[in-house]
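Dropping final.txt in here (compact mmCIF, C-alpha atoms):
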```txt
# COMPACT_ATOMS: atom_id res chain seq x y z
CA MET A 3 21.67 7.38 -11.04
CA ALA A 4 21.98 5.79 -7.64
CA ALA A 5 24.44 3.01 -7.10
CA ILE A 6 23.05 -0.49 -7.42
CA ILE A 7 23.91 -2.90 -4.65
CA PHE A 8 23.14 -6.52 -4.11
CA THR A 9 22.14 -6.85 -0.48
CA PRO A 10 23.19 -9.95 1.44
CA LYS A 11 20.70 -12.70 1.96
CA ILE A 12 19.07 -12.39 5.38
CA PRO A 13 19.15 -15.35 7.79
CA THR A 14 15.63 -16.58 7.11
CA THR A 15 14.43 -19.16 4.63
CA ASN A 16 12.90 -18.77 1.20
CA HIS A 17 13.81 -15.20 0.39
CA ILE A 18 15.82 -13.53 -2.36
CA ARG A 19 18.21 -10.65 -2.64
CA PHE A 20 17.26 -7.26 -3.99
CA PRO A 21 19.48 -5.29 -6.36
CA PHE A 22 18.49 -1.85 -5.12
CA SER A 23 19.95 0.89 -2.98
CA GLN A 24 18.68 1.02 0.58
CA THR A 25 19.26 4.72 1.17
CA ASN A 26 16.91 7.70 1.27
CA PHE A 27 14.30 6.42 3.69
CA CYS A 28 11.26 8.59 4.28
CA PRO A 29 11.72 10.73 7.40
CA ARG A 30 10.42 9.02 10.53
CA ARG A 31 7.65 10.52 12.59
CA PHE A 32 6.23 9.42 15.89
CA GLY A 33 2.56 9.11 15.13
CA PRO A 34 -0.19 7.94 17.44
CA ARG A 35 0.10 4.51 19.02
CA CYS A 36 3.83 4.07 18.50
CA TYR A 37 5.55 4.10 21.85
CA ALA A 38 9.15 4.95 22.62
CA GLN A 39 10.91 3.53 25.65
CA ASN A 40 12.98 6.71 25.93
CA PRO A 41 11.60 9.53 23.80
CA HIS A 42 14.53 11.79 24.69
CA GLN A 43 17.07 9.64 22.88
CA PRO A 44 17.99 10.50 19.29
CA HIS A 45 16.54 8.73 16.27
CA LEU A 46 17.95 5.41 15.21
CA GLN A 47 20.95 5.41 12.99
CA THR A 48 20.43 3.80 9.61
CA ARG A 49 21.89 0.36 9.09
CA GLN A 50 25.44 0.23 7.85
CA GLN A 51 25.34 -0.22 4.10
CA LYS A 52 27.79 -1.00 1.36
CA GLU A 53 27.58 0.89 -1.92
CA ARG A 54 29.10 0.16 -5.26
CA SER A 55 29.28 2.72 -8.07
CA PHE A 56 28.58 1.83 -11.66
CA SER A 57 29.07 3.56 -14.96
CA LEU A 58 25.94 4.26 -16.99
CA LYS A 59 26.63 1.26 -19.23
CA GLU A 60 27.22 -1.04 -16.26
CA CYS A 61 24.09 0.31 -14.65
CA ALA A 62 21.97 -0.53 -17.69
CA ILE A 63 23.38 -4.05 -17.76
CA SER A 64 22.67 -4.43 -14.07
CA VAL A 65 19.08 -3.30 -14.50
CA ALA A 66 18.54 -5.95 -17.15
CA LEU A 67 20.15 -8.53 -14.89
CA ALA A 68 18.04 -7.39 -11.99
CA VAL A 69 14.86 -8.01 -13.95
CA GLY A 70 16.00 -11.56 -14.63
CA LEU A 71 16.95 -12.21 -11.05
CA ILE A 72 13.82 -10.81 -9.47
CA THR A 73 11.04 -11.87 -11.79
CA GLY A 74 8.92 -12.30 -8.77
CA VAL A 75 10.13 -9.90 -6.13
CA PRO A 76 9.96 -10.88 -3.37
CA ALA A 77 9.97 -14.54 -4.35
CA LEU A 78 9.92 -17.51 -2.05
CA ASP A 79 13.09 -18.89 -3.60
CA TRP A 80 16.00 -17.66 -5.69
CA SER A 81 18.36 -19.36 -8.02
CA ALA A 82 21.98 -18.28 -8.20
CA ASN A 83 22.06 -19.58 -11.76
CA ALA A 84 19.31 -17.31 -13.09
CA ASN A 85 19.91 -16.56 -16.75
CA ALA A 86 19.52 -12.88 -17.59
CA ALA A 87 19.31 -13.72 -21.29
CA THR A 88 15.94 -15.40 -20.77
CA SER A 89 14.49 -12.65 -18.59
CA PRO A 90 11.59 -10.51 -19.79
CA ALA A 91 12.42 -7.18 -21.39
CA LEU A 92 12.40 -4.04 -19.28
CA PRO A 93 9.31 -1.90 -19.90
CA ASP A 94 9.61 1.02 -22.29
CA LEU A 95 11.66 3.87 -20.81
CA SER A 96 8.92 6.36 -21.54
CA VAL A 97 6.77 4.47 -19.05
CA LEU A 98 9.46 4.52 -16.39
CA ILE A 99 9.82 8.30 -16.46
CA SER A 100 6.13 9.17 -16.70
CA GLY A 101 4.69 11.02 -13.75
CA PRO A 102 4.35 12.70 -11.40
CA PRO A 103 2.78 9.79 -9.56
CA ILE A 104 0.42 9.81 -6.59
CA LYS A 105 2.29 8.57 -3.52
CA ASP A 106 -0.15 9.24 -0.70
CA PRO A 107 -1.85 5.98 0.38
CA GLY A 108 -5.15 7.70 1.11
CA ALA A 109 -5.25 9.28 -2.34
CA LEU A 110 -4.33 5.98 -3.99
CA LEU A 111 -7.21 4.28 -2.21
CA ARG A 112 -9.66 7.04 -3.20
CA TYR A 113 -8.71 6.88 -6.86
CA ALA A 114 -8.88 3.08 -6.80
CA LEU A 115 -12.58 3.04 -5.96
CA PRO A 116 -14.82 1.76 -8.79
CA ILE A 117 -16.67 5.04 -9.33
CA ASN A 118 -16.97 7.54 -12.15
CA ASN A 119 -18.14 10.83 -10.69
CA LYS A 120 -16.21 13.78 -12.06
CA ALA A 121 -17.85 16.26 -9.68
CA ILE A 122 -16.46 14.68 -6.50
CA ARG A 123 -13.03 14.22 -8.06
CA GLU A 124 -12.93 17.95 -8.85
CA VAL A 125 -13.52 18.69 -5.17
CA GLN A 126 -10.95 16.12 -4.12
CA LYS A 127 -8.08 17.37 -6.28
CA PRO A 128 -7.58 20.89 -4.85
CA LEU A 129 -7.84 19.53 -1.32
CA GLU A 130 -5.08 17.03 -2.10
CA ASP A 131 -3.03 19.83 -3.71
CA ILE A 132 -2.81 21.49 -0.28
CA THR A 133 -0.03 19.01 0.48
CA ASP A 134 2.13 20.52 -2.27
CA SER A 135 1.17 24.03 -1.23
CA LEU A 136 2.46 23.36 2.27
CA LYS A 137 5.90 22.54 0.90
CA VAL A 138 6.52 26.28 0.66
CA ALA A 139 8.25 27.54 3.79
CA GLY A 140 6.49 29.68 6.36
CA VAL A 141 3.14 31.41 6.13
CA LYS A 142 3.67 32.14 2.43
CA ALA A 143 2.29 28.65 1.82
CA LEU A 144 -1.09 29.81 3.09
CA ASP A 145 -1.69 31.95 0.02
CA SER A 146 -1.66 28.83 -2.15
CA VAL A 147 -3.67 26.91 0.43
CA GLU A 148 -6.32 29.61 0.35
CA ARG A 149 -6.63 29.26 -3.42
CA ASN A 150 -6.95 25.49 -3.02
CA VAL A 151 -9.72 25.86 -0.44
CA ARG A 152 -11.65 28.43 -2.47
CA GLN A 153 -11.48 26.23 -5.56
CA ALA A 154 -12.69 23.17 -3.62
CA SER A 155 -15.53 25.14 -1.99
CA ARG A 156 -16.65 26.64 -5.27
CA THR A 157 -16.55 23.27 -7.03
CA LEU A 158 -18.53 21.61 -4.23
CA LYS A 159 -21.29 24.22 -4.41
CA GLN A 160 -21.49 23.91 -8.20
CA GLY A 161 -21.38 20.13 -8.31
CA LYS A 162 -23.22 19.07 -5.17
CA THR A 163 -26.33 17.96 -7.06
CA LEU A 164 -24.24 15.77 -9.37
CA ILE A 165 -22.37 14.33 -6.40
CA ILE A 166 -25.59 13.41 -4.60
CA SER A 167 -26.98 11.84 -7.78
CA GLY A 168 -23.96 9.53 -7.83
CA LEU A 169 -24.58 8.12 -4.36
CA ALA A 170 -25.85 4.55 -4.08
CA GLU A 171 -29.51 4.65 -3.04
CA SER A 172 -28.90 2.54 0.07
CA LYS A 173 -26.09 4.86 1.19
CA LYS A 174 -27.51 8.22 0.13
CA ASP A 175 -28.43 9.50 3.61
CA HIS A 176 -24.96 8.76 4.93
CA GLY A 177 -23.33 10.33 1.88
CA VAL A 178 -25.37 13.53 2.22
CA GLU A 179 -24.45 13.72 5.91
CA LEU A 180 -20.76 13.51 4.99
CA LEU A 181 -21.20 16.23 2.35
CA ASP A 182 -22.72 18.52 4.94
CA LYS A 183 -19.75 17.88 7.24
CA LEU A 184 -17.43 18.55 4.30
CA GLU A 185 -19.01 21.95 3.66
CA VAL A 186 -18.75 22.94 7.33
CA GLY A 187 -15.16 21.69 7.45
CA MET A 188 -14.12 23.72 4.42
CA ASP A 189 -15.52 26.86 6.04
CA GLU A 190 -13.46 26.01 9.12
CA LEU A 191 -10.36 25.51 6.98
CA GLN A 192 -10.94 28.85 5.34
CA ARG A 193 -10.96 30.52 8.78
CA ILE A 194 -7.79 28.63 9.73
CA VAL A 195 -6.08 30.08 6.67
CA GLU A 196 -7.38 33.58 7.36
CA ASP A 197 -5.99 33.31 10.91
CA ARG A 198 -2.62 32.30 9.36
CA ASN A 199 -2.55 29.16 11.51
CA ARG A 200 -0.33 27.03 9.34
CA ASP A 201 0.00 24.17 11.85
CA ALA A 202 -3.75 23.55 11.84
CA VAL A 203 -4.02 23.19 8.06
CA ALA A 204 -2.76 19.61 7.57
CA PRO A 205 -4.96 18.02 10.29
CA LYS A 206 -8.05 19.75 8.90
CA GLN A 207 -7.08 18.74 5.35
CA LYS A 208 -6.82 15.11 6.47
CA GLU A 209 -10.27 15.32 8.06
CA LEU A 210 -11.82 16.76 4.89
CA LEU A 211 -10.23 14.13 2.67
CA GLN A 212 -11.63 11.43 4.96
CA TYR A 213 -15.09 12.88 4.32
CA ILE A 214 -14.35 12.86 0.59
CA GLY A 215 -13.28 9.21 0.76
CA GLY A 216 -16.43 8.33 2.68
CA VAL A 217 -18.64 10.04 0.09
CA GLU A 218 -16.85 8.19 -2.70
CA GLU A 219 -17.27 4.85 -0.95
CA ASP A 220 -20.97 5.62 -0.63
CA MET A 221 -21.09 5.82 -4.43
CA VAL A 222 -20.16 2.15 -4.77
CA ASP A 223 -23.34 0.12 -5.12
CA GLY A 224 -22.55 -3.51 -4.29
CA PHE A 225 -19.61 -5.45 -5.66
CA PRO A 226 -18.92 -4.39 -9.27
CA TYR A 227 -18.05 -7.70 -10.99
CA GLU A 228 -18.10 -11.50 -10.75
CA VAL A 229 -14.96 -13.26 -9.55
CA PRO A 230 -14.01 -16.13 -11.91
CA GLU A 231 -15.84 -19.33 -11.09
CA GLU A 232 -12.74 -21.27 -10.06
CA TYR A 233 -12.11 -18.77 -7.23
CA ARG A 234 -15.66 -18.04 -6.08
CA SER A 235 -15.62 -20.53 -3.22
CA MET A 236 -12.44 -19.03 -1.73
CA PRO A 237 -12.54 -16.35 0.98
CA LEU A 238 -13.31 -13.12 -0.91
CA LEU A 239 -13.19 -9.56 0.37
CA LYS A 240 -16.03 -7.87 -1.51
CA GLY A 241 -15.24 -4.33 -0.52
CA ARG A 242 -12.69 -2.96 1.91
CA ALA A 243 -11.50 -3.83 5.37
CA THR A 244 -9.18 -2.17 7.87
CA VAL A 245 -6.77 -4.06 10.10
CA GLU A 246 -4.48 -2.96 12.90
CA MET A 247 -1.14 -4.74 13.21
CA LYS A 248 0.55 -4.43 16.60
CA VAL A 249 4.30 -5.10 16.50
CA LYS A 250 6.59 -5.51 19.50
CA VAL A 251 9.97 -4.01 18.63
CA LYS A 252 13.04 -5.60 20.18
CA ASP A 253 16.41 -4.05 21.05
CA ASN A 254 15.38 -0.55 20.04
CA PRO A 255 15.84 2.20 22.66
CA ASN A 256 13.64 4.56 20.65
CA LEU A 257 10.66 2.37 19.83
CA ASP A 258 8.95 -0.23 21.99
CA GLU A 259 5.83 -1.11 20.03
CA CYS A 260 3.82 0.28 17.17
CA VAL A 261 0.34 -0.19 15.73
CA PHE A 262 0.09 0.00 11.95
CA ARG A 263 -3.31 0.67 10.40
CA ILE A 264 -3.72 -1.02 7.01
CA VAL A 265 -6.59 -0.62 4.54
CA LEU A 266 -7.17 -3.73 2.41
CA ASP A 267 -8.79 -3.23 -0.99
CA GLY A 268 -11.09 -6.05 -2.01
CA TYR A 269 -12.58 -4.06 -4.87
CA ASN A 270 -9.36 -4.53 -6.81
CA ALA A 271 -7.96 -7.71 -5.21
CA PRO A 272 -10.87 -9.66 -3.67
CA VAL A 273 -9.16 -13.07 -3.64
CA THR A 274 -5.82 -11.85 -2.29
CA ALA A 275 -7.34 -9.54 0.32
CA GLY A 276 -9.95 -12.14 1.29
CA ASN A 277 -7.26 -14.76 1.82
CA PHE A 278 -5.37 -12.39 4.11
CA VAL A 279 -8.42 -11.37 6.17
CA ASP A 280 -9.33 -15.04 6.59
CA LEU A 281 -5.81 -15.77 7.87
CA VAL A 282 -6.02 -12.79 10.22
CA GLU A 283 -9.26 -14.17 11.68
CA ARG A 284 -7.49 -17.50 12.18
CA HIS A 285 -4.81 -15.58 14.16
CA PHE A 286 -2.27 -17.03 11.74
CA TYR A 287 0.10 -14.07 12.06
CA ASP A 288 -0.23 -13.53 15.83
CA GLY A 289 3.12 -14.19 17.49
CA MET A 290 4.94 -14.50 14.15
CA GLU A 291 8.26 -12.73 13.71
CA ILE A 292 9.28 -10.28 11.03
CA GLN A 293 11.32 -12.54 8.76
CA ARG A 294 12.88 -10.07 6.37
CA ALA A 295 13.81 -6.42 6.82
CA ASP A 296 16.53 -5.39 4.41
CA GLY A 297 15.75 -1.74 3.76
CA PHE A 298 13.74 -2.51 0.63
CA VAL A 299 10.90 -4.61 2.04
CA VAL A 300 9.58 -5.93 5.33
CA GLN A 301 8.25 -9.46 4.99
CA THR A 302 6.51 -12.07 7.11
CA GLY A 303 4.09 -14.99 6.81
CA ASP A 304 6.43 -18.00 6.46
CA PRO A 305 5.21 -20.48 9.10
CA GLU A 306 7.51 -22.71 11.10
CA GLY A 307 8.35 -26.06 9.54
CA PRO A 308 8.85 -27.09 5.92
CA ALA A 309 5.65 -25.47 4.62
CA GLU A 310 6.09 -22.15 2.84
CA GLY A 311 2.49 -21.06 3.32
CA PHE A 312 -0.76 -21.71 5.13
CA ILE A 313 -1.74 -25.39 5.38
CA ASP A 314 -5.52 -25.64 5.19
CA PRO A 315 -6.58 -28.13 7.89
CA SER A 316 -9.53 -29.28 5.79
CA THR A 317 -7.30 -30.39 2.90
CA GLU A 318 -3.91 -30.71 4.66
CA LYS A 319 -2.47 -28.89 1.65
CA THR A 320 -1.06 -25.40 1.14
CA ARG A 321 -3.81 -22.95 0.28
CA THR A 322 -2.67 -20.75 -2.60
CA VAL A 323 -4.16 -17.78 -4.37
CA PRO A 324 -3.74 -16.70 -7.98
CA LEU A 325 -1.79 -13.65 -9.06
CA GLU A 326 -4.47 -10.94 -9.16
CA ILE A 327 -3.89 -7.55 -10.80
CA MET A 328 -6.45 -4.90 -11.64
CA VAL A 329 -5.51 -2.81 -14.67
CA GLU A 330 -6.58 0.81 -14.94
CA GLY A 331 -9.63 1.05 -17.18
CA GLU A 332 -10.65 -2.61 -16.83
CA ASN A 333 -13.73 -3.86 -15.00
CA ALA A 334 -12.17 -6.96 -13.41
CA PRO A 335 -8.66 -8.13 -12.44
CA VAL A 336 -6.29 -10.17 -14.56
CA TYR A 337 -5.76 -13.58 -12.95
CA GLY A 338 -2.82 -15.96 -13.17
CA ALA A 339 -0.58 -13.85 -15.40
CA THR A 340 1.75 -10.91 -15.06
CA LEU A 341 1.02 -7.92 -17.26
CA GLU A 342 4.19 -8.72 -19.19
CA ASP A 343 2.88 -12.23 -19.82
CA ILE A 344 -0.11 -10.80 -21.67
CA GLY A 345 1.81 -8.01 -23.40
CA LEU A 346 0.49 -5.06 -21.36
CA TYR A 347 3.88 -3.45 -20.91
CA LYS A 348 2.58 0.09 -20.56
CA ALA A 349 -0.60 -0.65 -18.61
CA GLN A 350 -1.09 1.10 -15.27
CA THR A 351 -2.21 -0.94 -12.29
CA LYS A 352 -5.13 0.27 -10.18
CA LEU A 353 -3.13 -0.43 -7.01
CA PRO A 354 0.45 0.56 -7.85
CA PHE A 355 3.61 0.24 -5.78
CA ASN A 356 3.62 3.99 -5.22
CA ALA A 357 3.37 4.48 -1.48
CA PHE A 358 5.76 3.79 1.35
CA GLY A 359 4.04 0.81 2.98
CA THR A 360 2.43 -0.67 -0.13
CA MET A 361 1.32 -4.19 0.87
CA ALA A 362 1.52 -7.13 -1.53
CA MET A 363 1.54 -10.91 -1.71
CA ALA A 364 4.86 -12.73 -2.05
CA ARG A 365 5.06 -15.75 -4.33
CA ASP A 366 7.41 -18.24 -5.93
CA GLU A 367 9.58 -16.65 -8.58
CA PHE A 368 8.45 -19.02 -11.32
CA ASP A 369 4.83 -19.70 -10.29
CA ASN A 370 2.36 -16.84 -10.62
CA ASN A 371 -0.28 -18.66 -8.60
CA SER A 372 1.81 -19.70 -5.60
CA GLY A 373 0.94 -16.89 -3.17
CA SER A 374 -0.30 -18.18 0.17
CA SER A 375 0.49 -16.42 3.44
CA GLN A 376 3.76 -14.57 2.90
CA VAL A 377 3.21 -10.82 2.53
CA PHE A 378 5.53 -7.85 2.22
CA TRP A 379 5.50 -4.09 2.57
CA LEU A 380 7.56 -1.94 0.22
CA LEU A 381 9.72 0.51 2.14
CA LYS A 382 10.96 2.91 -0.45
CA GLU A 383 11.08 4.20 -3.95
CA SER A 384 14.38 4.10 -5.81
CA GLU A 385 15.54 5.47 -9.11
CA LEU A 386 15.17 1.94 -10.51
CA THR A 387 11.66 1.49 -9.15
CA PRO A 388 9.95 4.82 -9.82
CA SER A 389 6.40 5.05 -8.53
CA ASN A 390 3.68 3.82 -10.87
CA ALA A 391 6.15 2.49 -13.42
CA ASN A 392 8.49 0.03 -11.76
CA ILE A 393 9.42 -3.61 -12.15
CA LEU A 394 7.10 -4.65 -9.32
CA ASP A 395 3.90 -3.24 -10.82
CA GLY A 396 2.12 -5.89 -12.81
CA ARG A 397 4.17 -8.73 -11.32
CA TYR A 398 2.91 -8.78 -7.73
CA ALA A 399 -0.57 -8.48 -6.31
CA VAL A 400 -0.94 -5.30 -4.26
CA PHE A 401 -3.96 -5.52 -1.97
CA GLY A 402 -3.58 -2.69 0.52
CA TYR A 403 -1.67 0.24 1.95
CA VAL A 404 -0.45 1.16 5.42
CA THR A 405 -2.28 4.41 6.19
CA GLU A 406 -1.02 5.18 9.71
CA ASN A 407 2.52 4.99 11.10
CA GLU A 408 3.85 3.66 7.79
CA ASP A 409 7.22 5.40 8.29
CA PHE A 410 7.91 3.16 11.29
CA LEU A 411 8.04 0.13 9.01
CA ALA A 412 11.62 1.17 8.28
CA ASP A 413 12.46 0.65 11.97
CA LEU A 414 11.32 -2.99 12.00
CA LYS A 415 13.93 -5.70 11.89
CA VAL A 416 14.16 -9.47 11.71
CA GLY A 417 12.96 -10.94 15.00
CA ASP A 418 10.48 -8.22 15.91
CA VAL A 419 7.19 -9.86 16.81
CA ILE A 420 3.71 -9.31 15.42
CA GLU A 421 1.73 -9.47 18.64
CA SER A 422 -1.60 -9.35 16.84
CA ILE A 423 -3.43 -8.36 13.68
CA GLN A 424 -7.09 -7.51 14.15
CA VAL A 425 -9.82 -6.54 11.72
CA VAL A 426 -11.30 -3.29 13.02
CA ALA A 427 -13.66 -2.53 10.13
CA GLY A 428 -15.12 -4.27 7.08
CA LEU A 429 -15.20 -7.87 8.31
CA ASP A 430 -18.78 -8.11 7.04
CA ASN A 431 -17.37 -7.71 3.52
CA LEU A 432 -15.64 -11.11 3.76
CA ALA A 433 -17.50 -13.78 1.81
CA ASN A 434 -16.86 -17.52 2.24
CA PRO A 435 -14.86 -17.18 5.46
CA SER A 436 -13.17 -20.51 6.01
CA TYR A 437 -12.12 -19.59 9.54
CA LYS A 438 -15.75 -19.94 10.66
CA ILE A 439 -15.89 -23.46 9.28
CA ALA A 440 -12.61 -24.30 10.98
CA GLY A 441 -13.73 -22.66 14.24
```
Take the structure in this file and express it as structure tokens.
Amino acid sequence: MAAIIFTPKIPTTNHIRFPFSQTNFCPRRFGPRCYAQNPHQPHLQTRQQKERSFSLKECAISVALAVGLITGVPALDWSANANAATSPALPDLSVLISGPPIKDPGALLRYALPINNKAIREVQKPLEDITDSLKVAGVKALDSVERNVRQASRTLKQGKTLIISGLAESKKDHGVELLDKLEVGMDELQRIVEDRNRDAVAPKQKELLQYIGGVEEDMVDGFPYEVPEEYRSMPLLKGRATVEMKVKVKDNPNLDECVFRIVLDGYNAPVTAGNFVDLVERHFYDGMEIQRADGFVVQTGDPEGPAEGFIDPSTEKTRTVPLEIMVEGENAPVYGATLEDIGLYKAQTKLPFNAFGTMAMARDEFDNNSGSSQVFWLLKESELTPSNANILDGRYAVFGYVTENEDFLADLKVGDVIESIQVVAGLDNLANPSYKIAG
């Protein structure tokens, strides 16, 4: 088990410490729209870190203490006198070691859609399995890839009628068009494999999975449930939206600026995602600094002054949103309570903290409904926070994933500036936009 360390409090207000190791970052990659000042210089060195070893018994005690200290990670405040004896119990160990989890943000978003079409999922799965096939070194991997492609092609031919029958009537033409592109693309991938062109496999796989995701989105017919009455007048994202966050990186010879593409999921967190999109349209985050970057999370959204969130000009009060968590198998989110609060210790969340770059709403440690404008991105998975079964799932509202350049989040530091966040798709899914009233 990895050593547990308590990281020092960073020099910004209203944040807590995290009792987790900061090692084992995902490997960095220079993706599109991330610019290096000097691309010939070596990668950044990791921050200097202190580590402390524990025996197994000490480790177990520390885990229990950690749960008490971070009942609300990342909270807006932290008490040095937190009492571990009153903290909630750690979830059953069998939950913590269940897996293997899905860690790819695109796959998480596909499986989070409110659809039930087995035929399209059976096409999706072997295409996603290509990722594991490519872990084999050299061209030997292509034998497994070929089996994946043949299975996906065969399943698509057999299930195409069922897939088309699952399309929403208003989106059927678009869905059929995507299916046709998918069929052509799989034939192209088959030829890539036959030519033993390993390097061309992953880009083509990504393209095909984008078609799959588009088909699945075309199966969603309207918004699937009613938001509780007390939240219906708030900004609501009834569907999905995509934003691009442009960050200016300071004092980094290897990285000058980077654009992160983030998909926000209003199907599973309409209030939380709607609140964020509304703030983006108000340009609330433009010019704001990264306020926490400790190797575990990157966090921002704390405005200047005494306020800890967004002050609504129409009320002159902090606008807050409820804790909002969609549970696997349920038709609508749980509001205002953690899953522990309602006894769902083993429940799986529809939007788990699985992926590097999982985006969630920060809140006060002792107030479930205190989220406002402070958001954070999870940077890593540790042995104490295994994907899909960690102490963040069910306690914090996930509402999106970084889908492009997510690895560069690890290079951000306190003081780097968010130059802009812009909605590039899905703004028409925002209901009750308060920014229009304010504008």
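Of the listed residues (A:Leu238, A:Leu394, A:Ala243, A:Leu144), A:Leu144 comes nearest to Ala202 of chain A; the distances count all atoms listed in the file.
Among the candidates A:Lys159, A:Lys174, A:Lys382, A:Arg397, the one nearest to Ala362 of chain A when counting all atoms listed in the file is A:Arg397.
Minimum atom-to-atom distance to Ala433 of chain A, evaluated using only C-alpha atoms, belongs to A:Gly276 out of A:Pro255, A:Gly402, A:Gly276, A:Pro335.
Closest approach to Ala399 of chain A from the set A:Asp131, A:Asp413, A:Asp267, A:Asp280 is made by A:Asp267, with distances taken over all atoms listed in the file.
Excluding Gln212 of chain A itself and same-chain residues fewer than 5 positions from it, the residues having an atom within 9 Å of it are Gly108, Gln207 and Val217 of chain A, counting only C-alpha atoms.
With distances taken over all atoms listed in the file, A:Asn270 is the one residue among A:Asn270, A:Thr157, A:Ser374, A:Thr163 lying closest to Gly331 of chain A.
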Find the residues near Leu429 of chain A: any atom within 12 Å, counting all atoms listed in the file, skip ones fewer than 2 places away on the same chain, and give them as a CSV table (one decimal) with C-alpha atoms, in the frame of the given file.
```csv
chain,number,residue,atom,x,y,z
A,237,PRO,CA,-12.5,-16.4,1.0
A,238,LEU,CA,-13.3,-13.1,-0.9
A,239,LEU,CA,-13.2,-9.6,0.4
A,240,LYS,CA,-16.0,-7.9,-1.5
A,241,GLY,CA,-15.2,-4.3,-0.5
A,242,ARG,CA,-12.7,-3.0,1.9
A,243,ALA,CA,-11.5,-3.8,5.4
A,244,THR,CA,-9.2,-2.2,7.9
A,245,VAL,CA,-6.8,-4.1,10.1
A,265,VAL,CA,-6.6,-0.6,4.5
A,266,LEU,CA,-7.2,-3.7,2.4
A,268,GLY,CA,-11.1,-6.0,-2.0
A,275,ALA,CA,-7.3,-9.5,0.3
A,276,GLY,CA,-10.0,-12.1,1.3
A,278,PHE,CA,-5.4,-12.4,4.1
A,279,VAL,CA,-8.4,-11.4,6.2
A,280,ASP,CA,-9.3,-15.0,6.6
A,282,VAL,CA,-6.0,-12.8,10.2
A,283,GLU,CA,-9.3,-14.2,11.7
A,424,GLN,CA,-7.1,-7.5,14.2
A,425,VAL,CA,-9.8,-6.5,11.7
A,426,VAL,CA,-11.3,-3.3,13.0
A,427,ALA,CA,-13.7,-2.5,10.1
A,431,ASN,CA,-17.4,-7.7,3.5
A,432,LEU,CA,-15.6,-11.1,3.8
A,433,ALA,CA,-17.5,-13.8,1.8
A,434,ASN,CA,-16.9,-17.5,2.2
A,435,PRO,CA,-14.9,-17.2,5.5
```
